[in-house]
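Undergrad: Right, I'll just put the structure down here and ask away after.
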Amino acid sequence: METIKKYLAEIASDENQVKDFLEKNETEIRSFFAELWRKHSPAAAAQPVAEAAADNQQAQTGTQRFNAGVQPDNEKAKNDSLAFQIKNKQIAFQNGKVGQAYCVDFDIETLGIPDIAEVTFEGLEAIGLQHLPEEKCIKGNPTQAGDHKIEMKFKRKDWEEGKPLLVREVVFIINPDPRVLWSKNIPTPEDIEYYKPDSGKLFVKVASKKTKGVFGLGKKELARKDMVAASQRGRSHAIEGKPRDDDFLLYFDEEAEWYVMVVADGAGSAQFSRKGSQIACQTVIEVCQEKIAAKKGDFSKLKATEQKNEIGKILQEIISNAVFSAHKTIETEAKEKGRPIKDYATTLLVSLCKKFDYGWFVGAWWVGDGGIGIYRKEPEYLKVLGEPDGGEFAGQTRFLTMPDIIQKELYTRIRFDVVEDFTALILMTDGVTDPKFETDANLNRIEKWHALWDDLNGSNEDSVSVAFSDDSEQVAEQLLRWLDFWSKGNHDDRTIAILF
Amino acid sequence: MARRLPVYLVLDTSGSMMGEPIAAVETGVQTLVSALRQDPYALETAYLSVITFDSSAKQVVPLTELTAFQMPSIQANGLTSLGSALSLLANKIDSEVTKTTAETKGDWKPLVFIMTDGGPTDDWQKGLNELKKRRTGMVVACAAGQGADTNVLKQITECVVQLDTADRSTIKAFFKWVSASVSTGSQKVDSGTEMVGLGELPPPPPEVNIVV
């Protein structure tokens, strides 16, 4: 070191600078020269850098020669050389996760530094891990998330009490449990503009109906379907105390016996989409209510199978009017507040449904992601009433608030189906379809719907089930609880409406 | 599987980065990753890749789940083959980023952060042309110090920032901002938004200047 100091002093003008430089870089310089010396020693000439960790045998031979070249009195150089090897060895341990069993193989032999006899890890216990030299592994149950600096302390083969240990730092990365990070639930402040509760649920019980018999004979109790819906603010909103953007509404017209379900997903990017989705649901229900009342005479006249087309036409009129009004009402709200309509961007899924003698007549309208489907468990039947609007990359969808949707696609998005019976007519926002169906193609696979139905009926890791057969108010609460399912990376608002 | 947010870090490891800057970049990436692990959005969605360029370009970490990511040590030497880096980036986007089809749930559009302290020494235009054919999310270019050619960077992307000096604390500040930007990115994608301009990222710290 002295020689170097002298040399540096000659070429540098500031003595303090030299001192600083040497102090800061002492280890590096020492290792550098140790390595230089090692390389040029007779042993190294035969076997260059002993880096061949993969081939232990070879490394062993190399070391014997290397040892032969080491002058026994040069203790410091020997340590420096070893320190250099240890420092430059790629040693990395797989990352762990809090609460998840950790186990990696670690065998000192595989380091390929034969001069080392033993290694201890300092700090592992504190994070829930253990080095087990006999089992040649590091294992345990990590308890602390973070980048943990752990000291590896090496003993040379000829180590004895009083001699220094060679130390090297390694980093153990322990990931936090995402469930813990997501567990924060901050209520939405009630004083924000357009406040809406963080969750919602609704059960519409439709009482069974007595049929008119002929002269008092053949009277029957006809069981009718019920509707249930629930909407839950996503965890991504909950951790920040942001409002739910999804919305829904259900309506049963007692007189004409039409079931109407609406679900809407306010765009996350739009500042007031929670109002957009709410207006959309509200308006669709209002217009349907009004139009159904106006047409109720027609429905009772057009009962025959061959009059299906007429029903279709009426339904088309109702749906297009309802959707158009929803768009217009949002537009008016935006104008009143002096904001662009896209601030209220929302998807929209609508279904209207009525039982005729020939079966259930279902009409639907759909813009954006999510899904509407008629599902029958047995005999198997599935009809998806539209296509999700997705783009080439994730997250590109279309909204009710886009001018093209109303100007060009109002009618093309209407779908009809007539079915004898079904297990469930389901409307969902993408908060449910993303985790449960994953891809657009899966939305058309009945296995996925079977799985969803089983899931709703309790086959899930939390054993939460919705007792559809009970017909009690409980179903709405159960459905809301079901919506709380865990799915990695899927923490959007979730809304589902079911006619069953 | 949830949708992934691919993040590409394209880093200059030319000779001029030797010493403090390269060490700061390495630490910077580590800090970036460890900060992102605290963010539940990023933890579940962000995937990270590191491409370095000197006399040639090399992907030192393929697109890797944030939880499994480990930053290798990087060395500085050689020239500044920015063009090769952009071509390599384009290839990697093709092979690593999944597009959404009916059958697959695609990734979010990749976020790209490019950092360089000099002017390119190869045909950067060729690399840029390759990259332009791919769909990327926001591309942010960072001129580290006064030696970087911001005119070239401006042609790569509208989002160019400059560090006054390429020292430890400035580079650290830059990566802290990148981390905040990726967090914002993973939140935005969570809500289905696309990021298009610097205005949508968190405001850069005083050490990081926006180049207009």
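Chain identifiers are assigned as A, B, and so on, following the order in which chains appear in the structure tokens; residues are numbered from 1 within each chain, and ligands are numbered from 1 in order of appearance.
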Within 10 Å of chain A, which residues of chain B show up? Give each one with its shortest atom-to-atom distance in Å (one decimal) and the two atoms involved, counting only C-alpha atoms, rows by chain then rising residue number, as JSON lines.
TA:
{"residue": "B:Met1", "atom": "CA", "partner": "A:Glu438", "partner_atom": "CA", "distance": 7.2}
{"residue": "B:Ala2", "atom": "CA", "partner": "A:Gly489", "partner_atom": "CA", "distance": 5.1}
{"residue": "B:Arg3", "atom": "CA", "partner": "A:Gly489", "partner_atom": "CA", "distance": 7.3}
{"residue": "B:Arg4", "atom": "CA", "partner": "A:Gly489", "partner_atom": "CA", "distance": 8.7}
{"residue": "B:Leu5", "atom": "CA", "partner": "A:Ala394", "partner_atom": "CA", "distance": 9.8}
{"residue": "B:Gln30", "atom": "CA", "partner": "A:Asp147", "partner_atom": "CA", "distance": 9.2}
{"residue": "B:Thr31", "atom": "CA", "partner": "A:Asp147", "partner_atom": "CA", "distance": 9.4}
{"residue": "B:Val33", "atom": "CA", "partner": "A:Asp147", "partner_atom": "CA", "distance": 9.8}
{"residue": "B:Ser34", "atom": "CA", "partner": "A:Asp147", "partner_atom": "CA", "distance": 6.9}
{"residue": "B:Ala35", "atom": "CA", "partner": "A:Gly146", "partner_atom": "CA", "distance": 9.4}
{"residue": "B:Arg37", "atom": "CA", "partner": "A:Asn175", "partner_atom": "CA", "distance": 6.6}
{"residue": "B:Gln38", "atom": "CA", "partner": "A:Pro176", "partner_atom": "CA", "distance": 7.2}
{"residue": "B:Asp39", "atom": "CA", "partner": "A:Leu181", "partner_atom": "CA", "distance": 7.5}
{"residue": "B:Pro40", "atom": "CA", "partner": "A:Leu181", "partner_atom": "CA", "distance": 5.7}
{"residue": "B:Tyr41", "atom": "CA", "partner": "A:Gly489", "partner_atom": "CA", "distance": 7.2}
{"residue": "B:Ala42", "atom": "CA", "partner": "A:Gly489", "partner_atom": "CA", "distance": 9.2}
{"residue": "B:Leu43", "atom": "CA", "partner": "A:Pro178", "partner_atom": "CA", "distance": 7.2}
{"residue": "B:Glu44", "atom": "CA", "partner": "A:Gly489", "partner_atom": "CA", "distance": 5.3}
{"residue": "B:Thr45", "atom": "CA", "partner": "A:Gly489", "partner_atom": "CA", "distance": 6.3}
{"residue": "B:Leu66", "atom": "CA", "partner": "A:Asn175", "partner_atom": "CA", "distance": 9.2}
{"residue": "B:Thr67", "atom": "CA", "partner": "A:Asn175", "partner_atom": "CA", "distance": 6.2}
{"residue": "B:Ala68", "atom": "CA", "partner": "A:Asn95", "partner_atom": "CA", "distance": 5.7}
{"residue": "B:Phe69", "atom": "CA", "partner": "A:Asn95", "partner_atom": "CA", "distance": 7.8}
{"residue": "B:Gln70", "atom": "CA", "partner": "A:Asn95", "partner_atom": "CA", "distance": 8.1}
{"residue": "B:Met71", "atom": "CA", "partner": "A:Ala92", "partner_atom": "CA", "distance": 10.0}
{"residue": "B:Pro72", "atom": "CA", "partner": "A:Gln90", "partner_atom": "CA", "distance": 8.9}
{"residue": "B:Ser73", "atom": "CA", "partner": "A:Gln90", "partner_atom": "CA", "distance": 9.2}
{"residue": "B:Val97", "atom": "CA", "partner": "A:Phe393", "partner_atom": "CA", "distance": 9.7}
{"residue": "B:Thr98", "atom": "CA", "partner": "A:Phe393", "partner_atom": "CA", "distance": 8.1}
{"residue": "B:Lys99", "atom": "CA", "partner": "A:Phe393", "partner_atom": "CA", "distance": 5.4}
{"residue": "B:Thr100", "atom": "CA", "partner": "A:Glu392", "partner_atom": "CA", "distance": 4.9}
{"residue": "B:Thr101", "atom": "CA", "partner": "A:Glu392", "partner_atom": "CA", "distance": 6.6}
{"residue": "B:Ala102", "atom": "CA", "partner": "A:Ala441", "partner_atom": "CA", "distance": 4.8}
{"residue": "B:Glu103", "atom": "CA", "partner": "A:Ala441", "partner_atom": "CA", "distance": 5.3}
{"residue": "B:Thr104", "atom": "CA", "partner": "A:Thr439", "partner_atom": "CA", "distance": 5.6}
{"residue": "B:Lys105", "atom": "CA", "partner": "A:Thr439", "partner_atom": "CA", "distance": 5.2}
{"residue": "B:Gly106", "atom": "CA", "partner": "A:Ala394", "partner_atom": "CA", "distance": 5.6}
{"residue": "B:Asp107", "atom": "CA", "partner": "A:Ala394", "partner_atom": "CA", "distance": 5.9}
{"residue": "B:Trp108", "atom": "CA", "partner": "A:Ala394", "partner_atom": "CA", "distance": 5.3}
{"residue": "B:Lys109", "atom": "CA", "partner": "A:Phe393", "partner_atom": "CA", "distance": 6.4}
{"residue": "B:Pro110", "atom": "CA", "partner": "A:Phe393", "partner_atom": "CA", "distance": 9.9}
{"residue": "B:Arg135", "atom": "CA", "partner": "A:Phe393", "partner_atom": "CA", "distance": 9.0}
{"residue": "B:Thr136", "atom": "CA", "partner": "A:Phe393", "partner_atom": "CA", "distance": 10.0}
{"residue": "B:Gln187", "atom": "CA", "partner": "A:Ser236", "partner_atom": "CA", "distance": 8.0}
{"residue": "B:Lys188", "atom": "CA", "partner": "A:Ser269", "partner_atom": "CA", "distance": 7.4}
{"residue": "B:Val189", "atom": "CA", "partner": "A:Gly395", "partner_atom": "CA", "distance": 6.9}
{"residue": "B:Asp190", "atom": "CA", "partner": "A:Asp492", "partner_atom": "CA", "distance": 7.3}
{"residue": "B:Ser191", "atom": "CA", "partner": "A:Gly268", "partner_atom": "CA", "distance": 4.3}
{"residue": "B:Gly192", "atom": "CA", "partner": "A:Gly395", "partner_atom": "CA", "distance": 4.5}
{"residue": "B:Thr193", "atom": "CA", "partner": "A:Ser269", "partner_atom": "CA", "distance": 5.2}
{"residue": "B:Glu194", "atom": "CA", "partner": "A:Gly395", "partner_atom": "CA", "distance": 8.0}
Undergrad: I want to know what sits within 10 Å of B:Thr170, based on only C-alpha atoms, with residues of the same chain fewer than 6 positions away left out; could you give that as a PyMOL selection string?
TA: chain B and resi 21+24+28+144-145+163-164+176+205-208
Undergrad: Store the residues picked out above in a file with all heavy atoms, as a JSON list (two decimals), in the first residue's frame.
TA:
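Result file is part-v6.json:
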[["chain", "number", "residue", "atom", "x", "y", "z"],
["B", 21, "PRO", "N", -21.67, 6.34, -11.98],
["B", 21, "PRO", "CA", -22.97, 6.21, -12.66],
["B", 21, "PRO", "C", -23.47, 4.77, -12.74],
["B", 21, "PRO", "O", -24.62, 4.50, -12.42],
["B", 21, "PRO", "CB", -22.71, 6.79, -14.05],
["B", 21, "PRO", "CG", -21.54, 7.68, -13.89],
["B", 21, "PRO", "CD", -20.69, 7.08, -12.80],
["B", 24, "ALA", "N", -24.60, 3.51, -9.50],
["B", 24, "ALA", "CA", -25.85, 4.16, -9.12],
["B", 24, "ALA", "C", -27.03, 3.55, -9.88],
["B", 24, "ALA", "O", -28.13, 3.41, -9.34],
["B", 24, "ALA", "CB", -25.77, 5.65, -9.38],
["B", 28, "GLY", "N", -30.00, 1.79, -8.28],
["B", 28, "GLY", "CA", -31.28, 2.41, -8.64],
["B", 28, "GLY", "C", -32.32, 1.37, -9.01],
["B", 28, "GLY", "O", -33.47, 1.43, -8.56],
["B", 144, "ALA", "N", -28.97, 11.14, -19.17],
["B", 144, "ALA", "CA", -28.27, 11.21, -17.89],
["B", 144, "ALA", "C", -27.04, 12.10, -18.04],
["B", 144, "ALA", "O", -26.03, 11.70, -18.59],
["B", 144, "ALA", "CB", -27.88, 9.80, -17.44],
["B", 145, "GLY", "N", -27.17, 13.31, -17.59],
["B", 145, "GLY", "CA", -26.06, 14.26, -17.70],
["B", 145, "GLY", "C", -26.12, 15.05, -19.01],
["B", 145, "GLY", "O", -26.99, 14.84, -19.85],
["B", 163, "LEU", "N", -31.24, 14.54, -16.65],
["B", 163, "LEU", "CA", -30.62, 14.70, -15.34],
["B", 163, "LEU", "C", -29.44, 15.66, -15.53],
["B", 163, "LEU", "O", -28.67, 15.52, -16.47],
["B", 163, "LEU", "CB", -30.09, 13.36, -14.82],
["B", 163, "LEU", "CG", -31.04, 12.15, -14.93],
["B", 163, "LEU", "CD1", -30.38, 10.91, -14.35],
["B", 163, "LEU", "CD2", -32.35, 12.44, -14.21],
["B", 164, "ASP", "N", -29.32, 16.64, -14.65],
["B", 164, "ASP", "CA", -28.23, 17.61, -14.79],
["B", 164, "ASP", "C", -26.88, 16.91, -14.74],
["B", 164, "ASP", "O", -25.98, 17.20, -15.51],
["B", 164, "ASP", "CB", -28.31, 18.66, -13.67],
["B", 164, "ASP", "CG", -29.52, 19.55, -13.87],
["B", 164, "ASP", "OD1", -29.93, 19.72, -15.03],
["B", 164, "ASP", "OD2", -30.07, 20.06, -12.86],
["B", 176, "LYS", "N", -36.34, 6.48, -8.49],
["B", 176, "LYS", "CA", -37.46, 6.63, -7.56],
["B", 176, "LYS", "C", -38.70, 7.09, -8.33],
["B", 176, "LYS", "O", -39.81, 6.62, -8.11],
["B", 176, "LYS", "CB", -37.09, 7.66, -6.49],
["B", 176, "LYS", "CG", -37.44, 7.23, -5.09],
["B", 176, "LYS", "CD", -36.93, 8.21, -4.08],
["B", 176, "LYS", "CE", -38.03, 8.44, -3.05],
["B", 176, "LYS", "NZ", -37.69, 9.49, -2.11],
["B", 205, "PRO", "N", -39.07, 14.64, -9.72],
["B", 205, "PRO", "CA", -38.38, 15.41, -8.67],
["B", 205, "PRO", "C", -37.52, 16.51, -9.30],
["B", 205, "PRO", "O", -37.29, 16.49, -10.51],
["B", 205, "PRO", "CB", -37.50, 14.36, -8.00],
["B", 205, "PRO", "CG", -37.28, 13.31, -9.03],
["B", 205, "PRO", "CD", -38.51, 13.29, -9.87],
["B", 206, "PRO", "N", -37.03, 17.46, -8.49],
["B", 206, "PRO", "CA", -36.28, 18.59, -9.04],
["B", 206, "PRO", "C", -35.04, 18.17, -9.85],
["B", 206, "PRO", "O", -34.67, 18.87, -10.78],
["B", 206, "PRO", "CB", -35.83, 19.38, -7.79],
["B", 206, "PRO", "CG", -36.42, 18.71, -6.62],
["B", 206, "PRO", "CD", -37.23, 17.57, -7.05],
["B", 207, "GLU", "N", -34.46, 17.03, -9.51],
["B", 207, "GLU", "CA", -33.25, 16.60, -10.24],
["B", 207, "GLU", "C", -33.58, 16.14, -11.66],
["B", 207, "GLU", "O", -32.70, 16.00, -12.49],
["B", 207, "GLU", "CB", -32.57, 15.43, -9.52],
["B", 207, "GLU", "CG", -32.05, 15.74, -8.14],
["B", 207, "GLU", "CD", -33.07, 15.44, -7.05],
["B", 207, "GLU", "OE1", -34.30, 15.50, -7.32],
["B", 207, "GLU", "OE2", -32.66, 15.13, -5.92],
["B", 208, "VAL", "N", -34.85, 15.82, -11.91],
["B", 208, "VAL", "CA", -35.23, 15.29, -13.21],
["B", 208, "VAL", "C", -36.01, 16.37, -13.97],
["B", 208, "VAL", "O", -37.11, 16.75, -13.58],
["B", 208, "VAL", "CB", -36.10, 14.01, -13.04],
["B", 208, "VAL", "CG1", -36.53, 13.46, -14.39],
["B", 208, "VAL", "CG2", -35.34, 12.96, -12.24]]
Undergrad: Can you check which residues of stretch 115-167 of chain B DSSP gives as strand (DSSP E) on the backbone and send them as a tab-separated table (two decimals) with N, CA and C atoms, in the first residue's frame?
TA:
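Once everything was written out, this is selection-v7.tsv:
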chain	number	residue	atom	x	y	z
B	115	MET	N	-32.40	4.87	-20.66
B	115	MET	CA	-31.49	5.81	-20.00
B	115	MET	C	-30.15	5.78	-20.72
B	116	THR	N	-29.64	6.96	-21.11
B	116	THR	CA	-28.34	7.01	-21.79
B	116	THR	C	-27.59	8.27	-21.38
B	139	VAL	N	-43.25	5.52	-23.55
B	139	VAL	CA	-41.80	5.37	-23.62
B	139	VAL	C	-41.19	6.63	-23.01
B	140	VAL	N	-40.39	6.46	-21.98
B	140	VAL	CA	-39.74	7.61	-21.36
B	140	VAL	C	-38.24	7.48	-21.60
B	141	ALA	N	-37.63	8.54	-22.16
B	141	ALA	CA	-36.18	8.51	-22.38
B	141	ALA	C	-35.53	9.47	-21.40
B	142	CYS	N	-34.44	9.01	-20.82
B	142	CYS	CA	-33.75	9.85	-19.84
B	142	CYS	C	-32.33	10.14	-20.29
B	143	ALA	N	-32.03	11.42	-20.43
B	143	ALA	CA	-30.67	11.83	-20.75
B	143	ALA	C	-29.94	12.02	-19.43
B	144	ALA	N	-28.97	11.14	-19.17
B	144	ALA	CA	-28.27	11.21	-17.89
B	144	ALA	C	-27.04	12.10	-18.04
B	159	CYS	N	-41.64	11.89	-24.57
B	159	CYS	CA	-41.39	12.00	-23.14
B	159	CYS	C	-39.90	11.88	-22.86
B	160	VAL	N	-39.21	13.02	-22.82
B	160	VAL	CA	-37.78	13.01	-22.55
B	160	VAL	C	-37.51	13.80	-21.28
B	161	VAL	N	-36.72	13.21	-20.41
B	161	VAL	CA	-36.31	13.93	-19.21
B	161	VAL	C	-34.78	13.98	-19.17
B	162	GLN	N	-34.27	14.95	-18.47
B	162	GLN	CA	-32.82	15.08	-18.41
B	162	GLN	C	-32.34	15.22	-16.96
B	163	LEU	N	-31.24	14.54	-16.65
B	163	LEU	CA	-30.62	14.70	-15.34
B	163	LEU	C	-29.44	15.66	-15.53
Undergrad: Can you pull out the residues contacting stretch 195-207 of chain A? Cut-off 6 Å, using only C-alpha atoms, and skip same-chain residues under 4 positions away; I want them as a ChimeraX atom specification.
TA: /A:190,226-233,244,476
Undergrad: Would you export the selected residues with N, CA, C and O atoms as a PDB file, in the first residue's frame, please?
TA:
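As a result, out16.pdb now contains:
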ATOM      1  N   GLU A 190     -68.276  10.336   2.516  1.00  0.00           N
ATOM      2  CA  GLU A 190     -69.660  10.527   2.077  1.00  0.00           C
ATOM      3  C   GLU A 190     -69.924  11.907   1.506  1.00  0.00           C
ATOM      4  O   GLU A 190     -70.978  12.160   0.919  1.00  0.00           O
ATOM      5  N   ASP A 226     -86.958 -15.631  -9.537  1.00  0.00           N
ATOM      6  CA  ASP A 226     -86.604 -14.450  -8.749  1.00  0.00           C
ATOM      7  C   ASP A 226     -85.360 -13.793  -9.339  1.00  0.00           C
ATOM      8  O   ASP A 226     -84.695 -14.358 -10.192  1.00  0.00           O
ATOM      9  N   MET A 227     -85.064 -12.606  -8.838  1.00  0.00           N
ATOM     10  CA  MET A 227     -83.859 -11.907  -9.276  1.00  0.00           C
ATOM     11  C   MET A 227     -83.032 -11.503  -8.060  1.00  0.00           C
ATOM     12  O   MET A 227     -83.587 -11.101  -7.042  1.00  0.00           O
ATOM     13  N   VAL A 228     -81.726 -11.597  -8.227  1.00  0.00           N
ATOM     14  CA  VAL A 228     -80.839 -11.142  -7.162  1.00  0.00           C
ATOM     15  C   VAL A 228     -79.640 -10.442  -7.811  1.00  0.00           C
ATOM     16  O   VAL A 228     -79.234 -10.793  -8.918  1.00  0.00           O
ATOM     17  N   ALA A 229     -79.123  -9.443  -7.119  1.00  0.00           N
ATOM     18  CA  ALA A 229     -77.936  -8.758  -7.637  1.00  0.00           C
ATOM     19  C   ALA A 229     -77.106  -8.250  -6.472  1.00  0.00           C
ATOM     20  O   ALA A 229     -77.624  -7.993  -5.390  1.00  0.00           O
ATOM     21  N   ALA A 230     -75.800  -8.136  -6.726  1.00  0.00           N
ATOM     22  CA  ALA A 230     -74.913  -7.568  -5.721  1.00  0.00           C
ATOM     23  C   ALA A 230     -73.775  -6.850  -6.415  1.00  0.00           C
ATOM     24  O   ALA A 230     -73.406  -7.185  -7.549  1.00  0.00           O
ATOM     25  N   SER A 231     -73.263  -5.845  -5.740  1.00  0.00           N
ATOM     26  CA  SER A 231     -72.185  -5.056  -6.314  1.00  0.00           C
ATOM     27  C   SER A 231     -71.211  -4.694  -5.191  1.00  0.00           C
ATOM     28  O   SER A 231     -71.622  -4.222  -4.137  1.00  0.00           O
ATOM     29  N   GLN A 232     -69.939  -4.963  -5.431  1.00  0.00           N
ATOM     30  CA  GLN A 232     -68.939  -4.768  -4.389  1.00  0.00           C
ATOM     31  C   GLN A 232     -67.795  -3.898  -4.922  1.00  0.00           C
ATOM     32  O   GLN A 232     -67.268  -4.169  -5.987  1.00  0.00           O
ATOM     33  N   ARG A 233     -67.451  -2.884  -4.163  1.00  0.00           N
ATOM     34  CA  ARG A 233     -66.319  -2.045  -4.539  1.00  0.00           C
ATOM     35  C   ARG A 233     -65.045  -2.888  -4.589  1.00  0.00           C
ATOM     36  O   ARG A 233     -64.815  -3.727  -3.708  1.00  0.00           O
ATOM     37  N   ARG A 244     -67.030   3.219  -5.530  1.00  0.00           N
ATOM     38  CA  ARG A 244     -67.366   2.151  -6.475  1.00  0.00           C
ATOM     39  C   ARG A 244     -67.896   2.788  -7.756  1.00  0.00           C
ATOM     40  O   ARG A 244     -68.714   3.708  -7.705  1.00  0.00           O
ATOM     41  N   ALA A 476     -79.187 -12.294  -1.372  1.00  0.00           N
ATOM     42  CA  ALA A 476     -78.490 -11.067  -1.765  1.00  0.00           C
ATOM     43  C   ALA A 476     -77.227 -10.882  -0.930  1.00  0.00           C
ATOM     44  O   ALA A 476     -76.153 -10.567  -1.455  1.00  0.00           O
TER      45      ALA A 476
END
Undergrad: For a test of reading the model, state the distance in Å between atom CA of B:Thr52 and atom CA of B:Ser14, rounded to one decimal.
TA: 9.0 Å
Undergrad: Would you list the contacts of stretch 101-109 of chain A as a CSV table (one decimal) with N, CA, C and O atoms, in the first residue's frame, taking every protein, DNA or RNA residue within 10 Å and counting only C-alpha atoms, but skipping same-chain residues closer than 6 positions in sequence?
TA:
chain,number,residue,atom,x,y,z
A,53,ALA,N,-17.1,-23.5,-11.3
A,53,ALA,CA,-17.9,-24.0,-10.2
A,53,ALA,C,-18.6,-25.3,-10.6
A,53,ALA,O,-18.8,-26.2,-9.8
A,54,ALA,N,-19.0,-25.4,-11.8
A,54,ALA,CA,-19.8,-26.5,-12.3
A,54,ALA,C,-19.0,-27.8,-12.1
A,54,ALA,O,-19.5,-28.8,-11.7
A,56,ASN,N,-16.6,-29.6,-10.1
A,56,ASN,CA,-15.9,-29.6,-8.8
A,56,ASN,C,-14.5,-30.3,-8.9
A,56,ASN,O,-13.6,-29.8,-8.3
A,93,PHE,N,-29.9,-16.1,-4.1
A,93,PHE,CA,-30.9,-17.0,-3.6
A,93,PHE,C,-32.3,-16.6,-4.1
A,93,PHE,O,-32.6,-15.4,-4.2
A,94,GLN,N,-33.0,-17.6,-4.5
A,94,GLN,CA,-34.4,-17.4,-5.0
A,94,GLN,C,-35.2,-16.5,-4.0
A,94,GLN,O,-35.0,-16.6,-2.8
A,95,ASN,N,-36.0,-15.6,-4.5
A,95,ASN,CA,-36.8,-14.8,-3.6
A,95,ASN,C,-37.9,-15.6,-2.9
A,95,ASN,O,-38.4,-16.6,-3.4
A,116,ILE,N,-12.6,-23.2,1.1
A,116,ILE,CA,-13.6,-22.8,2.1
A,116,ILE,C,-14.1,-24.1,2.7
A,116,ILE,O,-14.5,-25.0,2.0
A,117,ALA,N,-14.2,-24.1,4.0
A,117,ALA,CA,-14.6,-25.3,4.7
A,117,ALA,C,-16.0,-25.2,5.2
A,117,ALA,O,-16.8,-26.1,5.3
A,118,GLU,N,-16.4,-24.0,5.6
A,118,GLU,CA,-17.6,-23.8,6.3
A,118,GLU,C,-18.2,-22.4,6.1
A,118,GLU,O,-17.4,-21.5,5.9
A,119,VAL,N,-19.5,-22.4,6.1
A,119,VAL,CA,-20.1,-21.0,6.0
A,119,VAL,C,-21.3,-20.9,7.0
A,119,VAL,O,-22.0,-21.9,7.2
A,128,GLY,N,-37.0,-15.7,9.7
A,128,GLY,CA,-37.7,-16.9,9.6
A,128,GLY,C,-37.1,-18.0,8.8
A,128,GLY,O,-37.7,-19.0,8.5
A,129,LEU,N,-35.8,-17.9,8.5
A,129,LEU,CA,-35.1,-18.9,7.7
A,129,LEU,C,-34.0,-19.6,8.5
A,129,LEU,O,-33.5,-19.0,9.4
A,130,GLN,N,-33.6,-20.7,8.0
A,130,GLN,CA,-32.5,-21.5,8.6
A,130,GLN,C,-31.6,-22.1,7.6
A,130,GLN,O,-32.1,-22.6,6.6
A,131,HIS,N,-30.3,-22.1,7.9
A,131,HIS,CA,-29.4,-22.8,7.0
A,131,HIS,C,-29.1,-24.2,7.6
A,131,HIS,O,-28.7,-24.3,8.8
A,132,LEU,N,-29.4,-25.2,6.8
A,132,LEU,CA,-29.2,-26.6,7.3
A,132,LEU,C,-28.1,-27.2,6.5
A,132,LEU,O,-28.4,-27.8,5.5
A,133,PRO,N,-26.9,-27.1,7.0
A,133,PRO,CA,-25.7,-27.7,6.2
A,133,PRO,C,-25.8,-29.1,5.9
A,133,PRO,O,-25.5,-29.6,4.8
A,134,GLU,N,-26.4,-29.9,6.9
A,134,GLU,CA,-26.5,-31.4,6.6
A,134,GLU,C,-27.5,-31.7,5.5
A,134,GLU,O,-27.3,-32.5,4.6
A,135,GLU,N,-28.6,-30.9,5.5
A,135,GLU,CA,-29.6,-31.1,4.4
A,135,GLU,C,-29.2,-30.3,3.2
A,135,GLU,O,-29.9,-30.4,2.2
A,136,LYS,N,-28.1,-29.6,3.2
A,136,LYS,CA,-27.7,-28.8,2.1
A,136,LYS,C,-28.8,-27.9,1.6
A,136,LYS,O,-29.1,-27.9,0.4
A,137,CYS,N,-29.4,-27.2,2.5
A,137,CYS,CA,-30.5,-26.3,2.0
A,137,CYS,C,-30.7,-25.1,3.0
A,137,CYS,O,-30.2,-25.1,4.1
A,138,ILE,N,-31.5,-24.2,2.5
A,138,ILE,CA,-31.9,-23.1,3.4
A,138,ILE,C,-33.4,-23.2,3.3
A,138,ILE,O,-34.0,-23.2,2.3
A,139,LYS,N,-34.0,-23.3,4.5
A,139,LYS,CA,-35.5,-23.3,4.5
A,139,LYS,C,-36.1,-22.7,5.7
A,139,LYS,O,-35.5,-22.3,6.6
A,140,GLY,N,-37.4,-22.6,5.6
A,140,GLY,CA,-38.2,-22.0,6.7
A,140,GLY,C,-39.5,-21.3,6.2
A,140,GLY,O,-39.9,-21.6,5.0
A,141,ASN,N,-40.0,-20.5,7.0
A,141,ASN,CA,-41.2,-19.8,6.6
A,141,ASN,C,-41.0,-18.3,6.8
A,141,ASN,O,-41.0,-17.8,7.9
A,142,PRO,N,-40.7,-17.6,5.7
A,142,PRO,CA,-40.3,-16.2,5.9
A,142,PRO,C,-41.4,-15.4,6.6
A,142,PRO,O,-42.5,-15.5,6.4
A,154,PHE,N,-17.4,-17.0,6.0
A,154,PHE,CA,-16.7,-18.2,5.6
A,154,PHE,C,-15.5,-18.5,6.4
A,154,PHE,O,-14.8,-17.6,6.9
A,174,ILE,N,-37.6,-11.0,0.3
A,174,ILE,CA,-38.8,-11.6,0.7
A,174,ILE,C,-40.0,-10.7,0.3
A,174,ILE,O,-40.1,-9.6,0.7
Undergrad: Tell me, which residues of stretch 230-371 of chain A carry DSSP alpha helix (DSSP H), written as number ranges by chain?
TA: A: 235-238, 273-301, 308-336
Undergrad: I'd like the contact shell of stretch 281-284 of chain A - 12 Å cut-off, only C-alpha atoms, skipping same-chain residues fewer than 4 positions apart - returned as a PyMOL selection string.
TA: chain A and resi 246-251+260-266+274-277+288-292+318-330+346-352+364-365+400
